[in-house]
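I have placed the structure first, in the form of structure tokens, so that the comments after it can refer back to it.
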Amino acid sequence: MQQQIEAAMAITQSFESVVRGRRSVRGFLPRPVPRAILEQVVALAACAPSNCNTQPWKVYIVSGQVRDRLARDMTGAVQTGKMQPDLPYDGRYAGAYRERQHDAARQLYSAMNIARDDEGGRNAAFMRNFVFFDAPHVAFFYLPAGFGLREAADLGMCAQTFMLALTAKGIASCPQTALSFSAEQVRDAVGASAGEILLFGISFGYEDPTVAANGARTGRAPREASFTFVG
Ligand SMILES: Cc1cc2nc3c(=O)[nH]c(=O)nc-3n(C[C@H](O)[C@H](O)[C@H](O)COP(=O)(O)O)c2cc1C
């Protein structure tokens, strides 16, 4: 374990390589991340900015037997249609956003060799969400009671800092709205209070490079579509 900690400390990557190195990984090795590294990652995630420094994030990091039980419970809940997210989500987008959504799905399914009309294959790929793509750890990101859209942005900043900190230490991750679909199962597992709103989970661990899904790469819209310099 000490060796892994030292190896993680020794990884000094530039900011740009960390930002570009982060991508959604959907296949992990069972090897757990040492607790000392997890502590470093959460200390970095807590550096995220927030409205009035309210730090409106409640993050539960689940591992071991609780993780295994939750994977079983969530899979069962989804298979029996018991999906009740704290916030509604229909996954429907329009126009350019829809095109980007479809493009990302195309990249993923082609890496996995799943044909467009292969419903069984797509469903099996979807169900992998609920076993955390075999990751040994999953972090659940909750908005505390009484907060809204503005503070949800703070939670997003914390989550991105969390993932970049993982990347800098050679640890892969996948943010997942799918992990908010069975909110009751997650609440039971982590002991979150009734008012806390589950927005997403992040599965993380060491990447398994042999998993086909990990060959997928997404693109980005041209700069002009999203960023405008004024003046
Ligand atoms: C908030 C959020 C929720 C997401 N939910 C899921 C999900 O439920 N399942 C999944 O496989 N990927 C999910 N993703 C990953 C996106 O598909 C991915 O970030 C996007 O396609 C860009 O690819 P990249 O992360 O590899 O750069 C989510 C990403 C974010 C930021």
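Residues in the structure tokens are named by chain (A, B, ... in the order shown) and by number from 1 within that chain; ligands are numbered from 1 in the order shown.
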
Could you build a table of the residues in segment 181-221 of chain A lying no more than 12 Å from segment 12-23 of chain A, giving for each the nearest pair of atoms and their separation in Å rounded to one decimal place, using only C-alpha atoms, ordered by chain and ascending residue number, as CSV?
```
residue,atom,partner,partner_atom,distance
A:Phe204,CA,A:Arg23,CA,11.4
A:Glu207,CA,A:Arg23,CA,10.9
A:Ala213,CA,A:Arg23,CA,11.8
A:Asn214,CA,A:Arg23,CA,9.2
A:Gly215,CA,A:Arg23,CA,10.7
A:Ala216,CA,A:Arg23,CA,9.4
A:Arg217,CA,A:Arg23,CA,7.9
A:Thr218,CA,A:Arg23,CA,8.5
A:Gly219,CA,A:Arg23,CA,10.9
A:Arg220,CA,A:Arg20,CA,11.8
```

inquiry  = Within 8 Å of ligand 1 (counting only C-alpha atoms and all ligand atoms), which residues show up? I'd like them as a PyMOL selection string.
reply    = chain A and resi 22-26+101+104-105+126+129+156+174-179+199-201+216-219

Include N, CA, C and O atoms and write out the residues we just selected as an mmCIF file, in the first residue's frame.
```cif
data_model
loop_
_atom_site.group_PDB
_atom_site.id
_atom_site.type_symbol
_atom_site.label_atom_id
_atom_site.label_comp_id
_atom_site.auth_asym_id
_atom_site.auth_seq_id
_atom_site.Cartn_x
_atom_site.Cartn_y
_atom_site.Cartn_z
ATOM 1 N N ARG A 22 -8.580 13.270 -18.368
ATOM 2 C CA ARG A 22 -9.828 12.772 -17.778
ATOM 3 C C ARG A 22 -10.810 12.403 -18.871
ATOM 4 O O ARG A 22 -10.990 13.127 -19.820
ATOM 5 N N ARG A 23 -11.383 11.249 -18.761
ATOM 6 C CA ARG A 23 -12.463 10.843 -19.666
ATOM 7 C C ARG A 23 -13.297 9.826 -18.916
ATOM 8 O O ARG A 23 -12.864 9.318 -17.873
ATOM 9 N N SER A 24 -14.481 9.588 -19.418
ATOM 10 C CA SER A 24 -15.363 8.636 -18.742
ATOM 11 C C SER A 24 -14.911 7.225 -19.054
ATOM 12 O O SER A 24 -14.884 6.817 -20.215
ATOM 13 N N VAL A 25 -14.575 6.490 -18.006
ATOM 14 C CA VAL A 25 -14.088 5.117 -18.140
ATOM 15 C C VAL A 25 -15.187 4.184 -17.655
ATOM 16 O O VAL A 25 -15.834 4.438 -16.632
ATOM 17 N N ARG A 26 -15.440 3.139 -18.430
ATOM 18 C CA ARG A 26 -16.576 2.249 -18.112
ATOM 19 C C ARG A 26 -16.129 0.793 -18.008
ATOM 20 O O ARG A 26 -16.771 -0.107 -18.521
ATOM 21 N N GLN A 101 -25.519 14.212 -28.081
ATOM 22 C CA GLN A 101 -25.880 13.029 -27.282
ATOM 23 C C GLN A 101 -25.762 11.764 -28.145
ATOM 24 O O GLN A 101 -25.168 10.771 -27.728
ATOM 25 N N ALA A 104 -22.106 10.865 -28.956
ATOM 26 C CA ALA A 104 -21.413 10.219 -27.831
ATOM 27 C C ALA A 104 -21.852 8.753 -27.718
ATOM 28 O O ALA A 104 -21.025 7.857 -27.489
ATOM 29 N N ALA A 105 -23.165 8.504 -27.907
ATOM 30 C CA ALA A 105 -23.676 7.129 -27.834
ATOM 31 C C ALA A 105 -23.082 6.290 -28.963
ATOM 32 O O ALA A 105 -22.692 5.134 -28.754
ATOM 33 N N PHE A 126 -26.364 -0.578 -20.659
ATOM 34 C CA PHE A 126 -26.999 0.352 -19.712
ATOM 35 C C PHE A 126 -26.943 -0.204 -18.284
ATOM 36 O O PHE A 126 -26.628 0.520 -17.324
ATOM 37 N N ASN A 129 -24.120 0.342 -15.714
ATOM 38 C CA ASN A 129 -24.102 1.520 -14.831
ATOM 39 C C ASN A 129 -24.271 1.118 -13.375
ATOM 40 O O ASN A 129 -23.640 1.674 -12.487
ATOM 41 N N GLY A 156 -21.358 20.707 -9.016
ATOM 42 C CA GLY A 156 -20.679 20.309 -10.265
ATOM 43 C C GLY A 156 -19.200 20.676 -10.230
ATOM 44 O O GLY A 156 -18.348 19.906 -10.691
ATOM 45 N N CYS A 174 -16.088 7.672 -13.814
ATOM 46 C CA CYS A 174 -17.218 7.920 -14.718
ATOM 47 C C CYS A 174 -18.352 8.572 -13.934
ATOM 48 O O CYS A 174 -18.907 7.956 -13.014
ATOM 49 N N PRO A 175 -18.699 9.835 -14.284
ATOM 50 C CA PRO A 175 -19.862 10.452 -13.634
ATOM 51 C C PRO A 175 -21.127 9.803 -14.185
ATOM 52 O O PRO A 175 -21.193 9.503 -15.366
ATOM 53 N N GLN A 176 -22.147 9.576 -13.340
ATOM 54 C CA GLN A 176 -23.330 8.838 -13.801
ATOM 55 C C GLN A 176 -24.623 9.393 -13.197
ATOM 56 O O GLN A 176 -24.885 9.215 -12.003
ATOM 57 N N THR A 177 -25.419 10.003 -14.056
ATOM 58 C CA THR A 177 -26.772 10.372 -13.637
ATOM 59 C C THR A 177 -27.589 9.106 -13.359
ATOM 60 O O THR A 177 -28.460 9.101 -12.481
ATOM 61 N N ALA A 178 -27.275 8.038 -14.082
ATOM 62 C CA ALA A 178 -28.015 6.772 -13.897
ATOM 63 C C ALA A 178 -28.005 6.342 -12.430
ATOM 64 O O ALA A 178 -28.952 5.712 -11.962
ATOM 65 N N LEU A 179 -26.956 6.707 -11.709
ATOM 66 C CA LEU A 179 -26.863 6.283 -10.309
ATOM 67 C C LEU A 179 -27.775 7.080 -9.383
ATOM 68 O O LEU A 179 -27.816 6.823 -8.180
ATOM 69 N N LEU A 199 -27.888 13.981 -6.924
ATOM 70 C CA LEU A 199 -27.808 14.429 -8.323
ATOM 71 C C LEU A 199 -27.124 13.415 -9.231
ATOM 72 O O LEU A 199 -27.531 13.217 -10.361
ATOM 73 N N PHE A 200 -26.045 12.810 -8.768
ATOM 74 C CA PHE A 200 -25.341 11.812 -9.593
ATOM 75 C C PHE A 200 -24.355 11.050 -8.728
ATOM 76 O O PHE A 200 -24.093 11.415 -7.577
ATOM 77 N N GLY A 201 -23.818 9.997 -9.313
ATOM 78 C CA GLY A 201 -22.742 9.265 -8.661
ATOM 79 C C GLY A 201 -21.517 9.285 -9.557
ATOM 80 O O GLY A 201 -21.617 9.595 -10.758
ATOM 81 N N ALA A 216 -13.762 4.058 -26.285
ATOM 82 C CA ALA A 216 -14.592 5.169 -26.787
ATOM 83 C C ALA A 216 -13.936 6.513 -26.480
ATOM 84 O O ALA A 216 -13.367 6.701 -25.407
ATOM 85 N N ARG A 217 -14.041 7.423 -27.430
ATOM 86 C CA ARG A 217 -13.549 8.795 -27.224
ATOM 87 C C ARG A 217 -14.621 9.764 -27.708
ATOM 88 O O ARG A 217 -15.184 9.568 -28.785
ATOM 89 N N THR A 218 -14.882 10.796 -26.929
ATOM 90 C CA THR A 218 -15.876 11.789 -27.353
ATOM 91 C C THR A 218 -15.162 13.016 -27.913
ATOM 92 O O THR A 218 -14.023 13.302 -27.543
ATOM 93 N N GLY A 219 -15.883 13.743 -28.776
ATOM 94 C CA GLY A 219 -15.333 14.990 -29.307
ATOM 95 C C GLY A 219 -15.958 16.174 -28.580
ATOM 96 O O GLY A 219 -16.699 15.996 -27.604
#
```

List every residue of chain A that DSSP, applied to the backbone of this structure, places in strand (DSSP E or B), and write the result as a PDB file with C-alpha atoms, in the first residue's frame.
```
ATOM      1  CA  SER A  24     -15.363   8.636 -18.742  1.00  0.00           C
ATOM      2  CA  PHE A  28     -12.399  -0.974 -13.873  1.00  0.00           C
ATOM      3  CA  LYS A  58     -22.515  16.173   0.699  1.00  0.00           C
ATOM      4  CA  VAL A  59     -20.476  13.374  -0.779  1.00  0.00           C
ATOM      5  CA  TYR A  60     -20.695   9.743   0.336  1.00  0.00           C
ATOM      6  CA  ILE A  61     -17.917   7.430  -0.833  1.00  0.00           C
ATOM      7  CA  VAL A  62     -19.017   3.819  -0.840  1.00  0.00           C
ATOM      8  CA  SER A  63     -16.685   0.786  -0.991  1.00  0.00           C
ATOM      9  CA  GLN A  84     -37.533   7.019  -8.297  1.00  0.00           C
ATOM     10  CA  HIS A 137     -15.631   2.700  -5.255  1.00  0.00           C
ATOM     11  CA  VAL A 138     -18.519   5.025  -5.984  1.00  0.00           C
ATOM     12  CA  ALA A 139     -19.060   8.574  -4.728  1.00  0.00           C
ATOM     13  CA  PHE A 140     -22.627   9.890  -4.438  1.00  0.00           C
ATOM     14  CA  PHE A 141     -23.039  13.656  -4.789  1.00  0.00           C
ATOM     15  CA  TYR A 142     -25.923  15.173  -2.844  1.00  0.00           C
ATOM     16  CA  LEU A 143     -27.210  18.721  -2.647  1.00  0.00           C
ATOM     17  CA  ALA A 172     -10.136   6.727 -13.656  1.00  0.00           C
ATOM     18  CA  SER A 173     -13.767   7.714 -13.152  1.00  0.00           C
ATOM     19  CA  CYS A 174     -17.218   7.920 -14.718  1.00  0.00           C
ATOM     20  CA  PRO A 175     -19.862  10.452 -13.634  1.00  0.00           C
ATOM     21  CA  GLN A 176     -23.330   8.838 -13.801  1.00  0.00           C
ATOM     22  CA  SER A 182     -32.859   4.546  -7.567  1.00  0.00           C
ATOM     23  CA  ILE A 197     -31.063  15.543  -3.144  1.00  0.00           C
ATOM     24  CA  LEU A 198     -29.026  12.950  -5.022  1.00  0.00           C
ATOM     25  CA  LEU A 199     -27.808  14.429  -8.323  1.00  0.00           C
ATOM     26  CA  PHE A 200     -25.341  11.812  -9.593  1.00  0.00           C
ATOM     27  CA  GLY A 201     -22.742   9.265  -8.661  1.00  0.00           C
ATOM     28  CA  ILE A 202     -19.144   8.867  -9.791  1.00  0.00           C
ATOM     29  CA  SER A 203     -17.716   5.361 -10.121  1.00  0.00           C
ATOM     30  CA  PHE A 204     -13.952   5.315  -9.814  1.00  0.00           C
ATOM     31  CA  GLY A 205     -10.894   3.101  -9.544  1.00  0.00           C
ATOM     32  CA  GLU A 207      -8.961   1.481 -15.413  1.00  0.00           C
TER      33      GLU A 207
END
```

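Of the listed residues A:Val33, A:Ala165, A:Arg116, A:Gly170, the one whose atoms come nearest to His102 of chain A is A:Arg116, with distances taken using only C-alpha atoms.
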
Could you pull out the alpha helix (DSSP H) residues of segment 43-225 of chain A, going by DSSP on the backbone, and write them as a compact mmCIF listing (two decimals) with N, CA, C and O atoms, in the first residue's frame?
```
# COMPACT_ATOMS: atom_id res chain seq x y z
N ALA A 43 -9.61 16.01 -0.12
CA ALA A 43 -9.08 17.31 0.33
C ALA A 43 -8.98 18.27 -0.85
O ALA A 43 -9.26 19.48 -0.71
N LEU A 44 -8.61 17.75 -2.04
CA LEU A 44 -8.54 18.60 -3.24
C LEU A 44 -9.94 18.99 -3.72
O LEU A 44 -10.18 20.14 -4.10
N ALA A 45 -10.87 18.02 -3.70
CA ALA A 45 -12.24 18.30 -4.16
C ALA A 45 -12.87 19.41 -3.31
O ALA A 45 -13.62 20.25 -3.82
N GLY A 64 -16.36 -1.57 -0.63
CA GLY A 64 -16.47 -2.85 0.09
C GLY A 64 -17.85 -3.49 0.01
O GLY A 64 -18.52 -3.44 -1.02
N GLN A 65 -18.26 -4.06 1.14
CA GLN A 65 -19.52 -4.82 1.14
C GLN A 65 -20.75 -3.93 0.91
O GLN A 65 -21.73 -4.38 0.32
N VAL A 66 -20.67 -2.70 1.37
CA VAL A 66 -21.82 -1.79 1.14
C VAL A 66 -21.98 -1.54 -0.35
O VAL A 66 -23.09 -1.55 -0.90
N ARG A 67 -20.83 -1.35 -1.02
CA ARG A 67 -20.83 -1.17 -2.48
C ARG A 67 -21.44 -2.39 -3.18
O ARG A 67 -22.26 -2.27 -4.08
N ASP A 68 -21.03 -3.57 -2.75
CA ASP A 68 -21.51 -4.80 -3.39
C ASP A 68 -23.03 -4.96 -3.20
O ASP A 68 -23.75 -5.30 -4.14
N ARG A 69 -23.49 -4.69 -1.98
CA ARG A 69 -24.93 -4.83 -1.69
C ARG A 69 -25.73 -3.81 -2.49
O ARG A 69 -26.77 -4.12 -3.06
N LEU A 70 -25.20 -2.60 -2.56
CA LEU A 70 -25.90 -1.54 -3.29
C LEU A 70 -26.00 -1.87 -4.78
O LEU A 70 -27.04 -1.63 -5.40
N ALA A 71 -24.92 -2.43 -5.34
CA ALA A 71 -24.95 -2.82 -6.76
C ALA A 71 -26.08 -3.83 -6.99
O ALA A 71 -26.84 -3.71 -7.96
N ARG A 72 -26.22 -4.78 -6.07
CA ARG A 72 -27.30 -5.78 -6.20
C ARG A 72 -28.67 -5.12 -6.07
O ARG A 72 -29.57 -5.36 -6.86
N ASP A 73 -28.81 -4.25 -5.06
CA ASP A 73 -30.10 -3.59 -4.81
C ASP A 73 -30.51 -2.69 -5.98
O ASP A 73 -31.67 -2.67 -6.39
N MET A 74 -29.54 -1.93 -6.49
CA MET A 74 -29.87 -1.02 -7.59
C MET A 74 -30.23 -1.79 -8.84
O MET A 74 -31.19 -1.46 -9.54
N THR A 75 -29.47 -2.84 -9.12
CA THR A 75 -29.76 -3.65 -10.32
C THR A 75 -31.17 -4.22 -10.21
O THR A 75 -31.96 -4.14 -11.16
N GLY A 76 -31.50 -4.75 -9.02
CA GLY A 76 -32.84 -5.32 -8.81
C GLY A 76 -33.90 -4.26 -8.98
O GLY A 76 -34.93 -4.49 -9.63
N ALA A 77 -33.66 -3.08 -8.42
CA ALA A 77 -34.66 -2.00 -8.50
C ALA A 77 -34.88 -1.57 -9.95
O ALA A 77 -36.03 -1.40 -10.39
N VAL A 78 -33.80 -1.44 -10.70
CA VAL A 78 -33.94 -1.00 -12.10
C VAL A 78 -34.64 -2.09 -12.92
O VAL A 78 -35.52 -1.80 -13.73
N GLN A 79 -34.26 -3.34 -12.67
CA GLN A 79 -34.88 -4.44 -13.43
C GLN A 79 -36.37 -4.55 -13.16
O GLN A 79 -37.13 -4.97 -14.03
N GLY A 95 -32.21 19.49 -30.84
CA GLY A 95 -31.28 20.22 -31.71
C GLY A 95 -29.85 19.74 -31.57
O GLY A 95 -29.56 18.54 -31.56
N ALA A 96 -28.93 20.72 -31.45
CA ALA A 96 -27.49 20.39 -31.40
C ALA A 96 -27.17 19.51 -30.21
O ALA A 96 -26.28 18.66 -30.27
N TYR A 97 -27.93 19.70 -29.12
CA TYR A 97 -27.65 18.91 -27.90
C TYR A 97 -27.98 17.43 -28.13
O TYR A 97 -27.30 16.54 -27.65
N ARG A 98 -29.05 17.22 -28.90
CA ARG A 98 -29.45 15.85 -29.23
C ARG A 98 -28.39 15.19 -30.13
O ARG A 98 -28.02 14.03 -29.95
N GLU A 99 -27.91 15.99 -31.09
CA GLU A 99 -26.87 15.45 -32.00
C GLU A 99 -25.63 15.04 -31.21
O GLU A 99 -25.03 13.99 -31.45
N ARG A 100 -25.24 15.88 -30.26
CA ARG A 100 -24.05 15.56 -29.45
C ARG A 100 -24.30 14.30 -28.61
O ARG A 100 -23.42 13.46 -28.46
N GLN A 101 -25.52 14.21 -28.08
CA GLN A 101 -25.88 13.03 -27.28
C GLN A 101 -25.76 11.76 -28.14
O GLN A 101 -25.17 10.77 -27.73
N HIS A 102 -26.30 11.85 -29.37
CA HIS A 102 -26.27 10.68 -30.25
C HIS A 102 -24.85 10.35 -30.68
O HIS A 102 -24.47 9.18 -30.78
N ASP A 103 -24.06 11.39 -30.90
CA ASP A 103 -22.68 11.17 -31.32
C ASP A 103 -21.90 10.43 -30.21
O ASP A 103 -21.16 9.48 -30.48
N ALA A 104 -22.11 10.87 -28.96
CA ALA A 104 -21.41 10.22 -27.83
C ALA A 104 -21.85 8.75 -27.72
O ALA A 104 -21.02 7.86 -27.49
N ALA A 105 -23.16 8.50 -27.91
CA ALA A 105 -23.68 7.13 -27.83
C ALA A 105 -23.08 6.29 -28.96
O ALA A 105 -22.69 5.13 -28.75
N ARG A 106 -23.00 6.89 -30.16
CA ARG A 106 -22.40 6.16 -31.30
C ARG A 106 -20.96 5.76 -31.00
O ARG A 106 -20.54 4.64 -31.27
N GLN A 107 -20.19 6.69 -30.43
CA GLN A 107 -18.79 6.39 -30.11
C GLN A 107 -18.71 5.21 -29.14
O GLN A 107 -17.90 4.31 -29.31
N LEU A 108 -19.58 5.25 -28.13
CA LEU A 108 -19.54 4.21 -27.10
C LEU A 108 -19.94 2.85 -27.68
O LEU A 108 -19.24 1.85 -27.50
N TYR A 109 -21.09 2.83 -28.39
CA TYR A 109 -21.57 1.54 -28.89
C TYR A 109 -20.67 0.99 -29.97
O TYR A 109 -20.52 -0.23 -30.10
N SER A 110 -20.04 1.86 -30.75
CA SER A 110 -19.16 1.29 -31.78
C SER A 110 -17.90 0.72 -31.11
O SER A 110 -17.41 -0.34 -31.52
N ALA A 111 -17.41 1.36 -30.05
CA ALA A 111 -16.25 0.78 -29.32
C ALA A 111 -16.63 -0.58 -28.74
O ALA A 111 -15.80 -1.48 -28.66
N GLU A 119 -31.05 -4.13 -29.31
CA GLU A 119 -31.65 -3.63 -28.06
C GLU A 119 -31.10 -4.35 -26.82
O GLU A 119 -30.85 -3.73 -25.79
N GLY A 120 -30.91 -5.67 -26.96
CA GLY A 120 -30.38 -6.47 -25.84
C GLY A 120 -28.98 -6.00 -25.45
O GLY A 120 -28.68 -5.84 -24.26
N GLY A 121 -28.17 -5.75 -26.47
CA GLY A 121 -26.80 -5.30 -26.22
C GLY A 121 -26.78 -3.93 -25.55
O GLY A 121 -26.00 -3.69 -24.62
N ARG A 122 -27.68 -3.06 -26.02
CA ARG A 122 -27.74 -1.71 -25.44
C ARG A 122 -28.23 -1.75 -23.99
O ARG A 122 -27.75 -1.04 -23.13
N ASN A 123 -29.20 -2.63 -23.77
CA ASN A 123 -29.73 -2.75 -22.41
C ASN A 123 -28.66 -3.30 -21.45
O ASN A 123 -28.50 -2.82 -20.33
N ALA A 124 -27.91 -4.30 -21.94
CA ALA A 124 -26.83 -4.87 -21.10
C ALA A 124 -25.79 -3.79 -20.79
O ALA A 124 -25.29 -3.69 -19.66
N ALA A 125 -25.49 -2.96 -21.79
CA ALA A 125 -24.52 -1.88 -21.58
C ALA A 125 -25.06 -0.87 -20.56
O ALA A 125 -24.33 -0.41 -19.68
N PHE A 126 -26.36 -0.58 -20.66
CA PHE A 126 -27.00 0.35 -19.71
C PHE A 126 -26.94 -0.20 -18.28
O PHE A 126 -26.63 0.52 -17.32
N MET A 127 -27.21 -1.51 -18.16
CA MET A 127 -27.23 -2.13 -16.82
C MET A 127 -25.85 -2.11 -16.15
O MET A 127 -25.75 -2.18 -14.93
N LEU A 149 -30.83 25.41 -7.91
CA LEU A 149 -30.04 25.38 -9.14
C LEU A 149 -28.67 26.05 -9.00
O LEU A 149 -27.66 25.52 -9.47
N ARG A 150 -28.62 27.19 -8.33
CA ARG A 150 -27.33 27.89 -8.21
C ARG A 150 -26.31 27.05 -7.46
O ARG A 150 -25.14 26.98 -7.84
N GLU A 151 -26.76 26.42 -6.42
CA GLU A 151 -25.83 25.62 -5.62
C GLU A 151 -25.52 24.28 -6.28
O GLU A 151 -24.47 23.68 -6.01
N ALA A 152 -26.42 23.84 -7.17
CA ALA A 152 -26.12 22.62 -7.93
C ALA A 152 -24.88 22.85 -8.79
O ALA A 152 -24.08 21.93 -9.03
N ALA A 153 -24.70 24.11 -9.24
CA ALA A 153 -23.49 24.45 -10.00
C ALA A 153 -22.25 24.26 -9.12
O ALA A 153 -21.21 23.77 -9.58
N ASP A 154 -22.36 24.62 -7.85
CA ASP A 154 -21.23 24.42 -6.92
C ASP A 154 -20.89 22.93 -6.79
O ASP A 154 -19.72 22.54 -6.75
N LEU A 155 -21.93 22.14 -6.73
CA LEU A 155 -21.74 20.70 -6.61
C LEU A 155 -21.00 20.16 -7.85
O LEU A 155 -20.12 19.30 -7.74
N GLY A 156 -21.36 20.71 -9.02
CA GLY A 156 -20.68 20.31 -10.27
C GLY A 156 -19.20 20.68 -10.23
O GLY A 156 -18.35 19.91 -10.69
N MET A 157 -18.90 21.84 -9.66
CA MET A 157 -17.49 22.26 -9.58
C MET A 157 -16.72 21.33 -8.67
O MET A 157 -15.57 20.96 -8.93
N CYS A 158 -17.35 20.95 -7.58
CA CYS A 158 -16.71 20.02 -6.64
C CYS A 158 -16.48 18.67 -7.34
O CYS A 158 -15.40 18.07 -7.20
N ALA A 159 -17.47 18.22 -8.10
CA ALA A 159 -17.36 16.91 -8.75
C ALA A 159 -16.24 16.91 -9.79
O ALA A 159 -15.47 15.95 -9.90
N GLN A 160 -16.13 17.99 -10.56
CA GLN A 160 -15.07 18.05 -11.58
C GLN A 160 -13.69 18.10 -10.89
O GLN A 160 -12.75 17.43 -11.33
N THR A 161 -13.59 18.85 -9.80
CA THR A 161 -12.31 18.90 -9.08
C THR A 161 -11.97 17.50 -8.55
O THR A 161 -10.82 17.06 -8.60
N PHE A 162 -12.99 16.82 -8.07
CA PHE A 162 -12.82 15.45 -7.57
C PHE A 162 -12.27 14.55 -8.69
O PHE A 162 -11.27 13.83 -8.48
N MET A 163 -12.87 14.62 -9.87
CA MET A 163 -12.42 13.75 -10.97
C MET A 163 -11.02 14.14 -11.46
O MET A 163 -10.22 13.26 -11.80
N LEU A 164 -10.73 15.43 -11.49
CA LEU A 164 -9.39 15.84 -11.93
C LEU A 164 -8.34 15.39 -10.92
O LEU A 164 -7.23 14.98 -11.30
N ALA A 165 -8.68 15.47 -9.64
CA ALA A 165 -7.74 15.01 -8.60
C ALA A 165 -7.49 13.51 -8.78
O ALA A 165 -6.34 13.04 -8.66
N LEU A 166 -8.54 12.76 -9.10
CA LEU A 166 -8.37 11.32 -9.35
C LEU A 166 -7.44 11.12 -10.55
O LEU A 166 -6.49 10.33 -10.50
N THR A 167 -7.73 11.84 -11.65
CA THR A 167 -6.92 11.69 -12.87
C THR A 167 -5.45 11.95 -12.57
O THR A 167 -4.57 11.20 -13.02
N ALA A 168 -5.18 13.00 -11.79
CA ALA A 168 -3.79 13.37 -11.48
C ALA A 168 -3.08 12.26 -10.71
O ALA A 168 -1.85 12.20 -10.71
N ALA A 183 -32.96 6.40 -6.04
CA ALA A 183 -32.50 7.24 -4.93
C ALA A 183 -32.73 6.59 -3.57
O ALA A 183 -31.93 6.77 -2.65
N GLU A 184 -33.81 5.83 -3.48
CA GLU A 184 -34.14 5.24 -2.18
C GLU A 184 -33.08 4.22 -1.75
O GLU A 184 -32.65 4.20 -0.59
N GLN A 185 -32.65 3.39 -2.71
CA GLN A 185 -31.63 2.37 -2.40
C GLN A 185 -30.32 3.04 -1.95
O GLN A 185 -29.66 2.59 -1.02
N VAL A 186 -29.97 4.14 -2.63
CA VAL A 186 -28.72 4.83 -2.28
C VAL A 186 -28.86 5.48 -0.89
O VAL A 186 -27.96 5.38 -0.05
N ARG A 187 -30.01 6.11 -0.67
CA ARG A 187 -30.24 6.77 0.63
C ARG A 187 -30.12 5.77 1.78
O ARG A 187 -29.46 6.05 2.78
N ASP A 188 -30.71 4.61 1.58
CA ASP A 188 -30.63 3.56 2.61
C ASP A 188 -29.18 3.15 2.84
O ASP A 188 -28.76 2.95 3.98
N ALA A 189 -28.42 3.01 1.75
CA ALA A 189 -27.05 2.50 1.87
C ALA A 189 -26.12 3.51 2.55
O ALA A 189 -25.27 3.13 3.34
N VAL A 190 -26.29 4.81 2.21
CA VAL A 190 -25.33 5.79 2.72
C VAL A 190 -25.82 6.51 3.98
O VAL A 190 -25.05 7.19 4.65
N ARG A 223 -15.28 25.67 -30.88
CA ARG A 223 -15.21 26.70 -29.84
C ARG A 223 -16.33 27.73 -29.98
O ARG A 223 -17.00 28.11 -29.00
N GLU A 224 -16.60 28.16 -31.22
CA GLU A 224 -17.59 29.23 -31.47
C GLU A 224 -18.99 28.83 -31.01
O GLU A 224 -19.83 29.68 -30.73
N ALA A 225 -19.27 27.53 -30.96
CA ALA A 225 -20.62 27.09 -30.59
C ALA A 225 -20.90 27.33 -29.11
O ALA A 225 -22.06 27.45 -28.69
```

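Interatomic distance, atom CA of Pro136 of chain A against atom CA of Arg31 of chain A: 6.9 Å.
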
task = Just give me the gap between atom CA of Tyr206 of chain A and atom CA of Ala135 of chain A in Å, one decimal is fine.
result = 7.7 Å

request  = Could you check how far atom CA of Pro144 of chain A sits from atom CA of Arg128 of chain A, in Å to one decimal?
outcome  = 27.9 Å
